[in-house]
Amino acid sequence: MIALGCDHGGYELKQEIIKYLEENNIEYKDFGCDSTDSTDYPIYAKRVAIAIQNGDCEKGILICGTGIGISITANKFKGIRAALCSDCFSAEATRLHNNANILAMGGRVVGPGLAVKIVDTFLNTPFSEEERHIRRIKQIEEDTDITDAYPEI
Ligand code: RB5
């Protein structure tokens, strides 16, 4: 199950993504927004992040004007790894290396044709399961020890 969320800047692109998901029989839950009326992207980032945290959805797609605000918000949630992508290489790499569970895009940045290819790449690339990537993902969740990070301090 894919969780979808957007603000007004991402609404039109989300409709294109919905078309792609429906054509490919991919189940989704749409957490809003529902029009191009001005709204606040954190609302939708939070809904989608929580749907993934609680296991309702396996992955998410978030779209705002740039993809930046909505990904910053989603990444505040424990266990959420939201990757802002504007190209297929990054979408593939973030699945392989970061096991990203949310794809963020900018509705004012990428056109619908490219966005659908990015979504297709993101949804169809498995995590590599390589030890070094598992180790690094664990480090994301750990409290940072700045003594180790900056030994000269
Ligand atoms: C809304 O105008 C815009 O600020 C928002 O969609 C997003 O780009 C924020 O990061």
# chains A, B, ... in the order shown; residues from 1 in each chain; ligands from 1

call {"tool": "residues_near_ligand", "arguments": {"ligand": "ligand 1", "cutoff": "8 Å", "atoms": "only C-alpha atoms and all ligand atoms", "output": "count of residues only"}}
result
19

call {"tool": "residues_around", "arguments": {"residues": "Lys78 of chain A", "least_positions_apart": "4", "cutoff": "12 Å", "atoms": "only C-alpha atoms", "output": "list of chain:residue names"}}
result
A:Lys46, A:Ala49, A:Ile50, A:Ile52, A:Gln53, A:Asn54, A:Thr73, A:Ala74, A:Ala82, A:Asn101, A:Ile137, A:Lys138, A:Ile140, A:Glu141, A:Glu142, A:Asp143

call {"tool": "closest_residue", "arguments": {"among": "A:Ala83, A:Thr125, A:Ile26, A:Ile61", "to": "Arg95 of chain A", "atoms": "only C-alpha atoms"}}
result
A:Thr125

call {"tool": "select_by_dssp", "arguments": {"residues": "chain A", "states": "strand (DSSP E)", "output": "MDAnalysis selection string"}}
result
chainID A and resid 2:6 28:30 59:64 82:84 102:106

call {"tool": "closest_residue", "arguments": {"among": "A:Arg47, A:Arg132, A:Lys19, A:Lys14", "to": "Asn98 of chain A", "atoms": "only C-alpha atoms"}}
result
A:Arg132

call {"tool": "closest_residue", "arguments": {"among": "A:Cys6, A:Phe77, A:Leu13, A:Ala51", "to": "Gly113 of chain A", "atoms": "only C-alpha atoms"}}
result
A:Leu13

call {"tool": "closest_residue", "arguments": {"among": "A:Val116, A:Val48, A:Leu84, A:Ile72", "to": "Gly60 of chain A", "atoms": "only C-alpha atoms"}}
result
A:Val48

call {"tool": "closest_residue", "arguments": {"among": "A:Ile118, A:Cys57, A:Ile18, A:Cys33", "to": "Phe89 of chain A", "atoms": "only C-alpha atoms"}}
result
A:Ile118

call {"tool": "select_by_dssp", "arguments": {"residues": "segment 12-123 of chain A", "states": "alpha helix (DSSP H)", "output": "ChimeraX atom specification"}}
result
/A:12-23,41-53,68-74,88-98,112-123
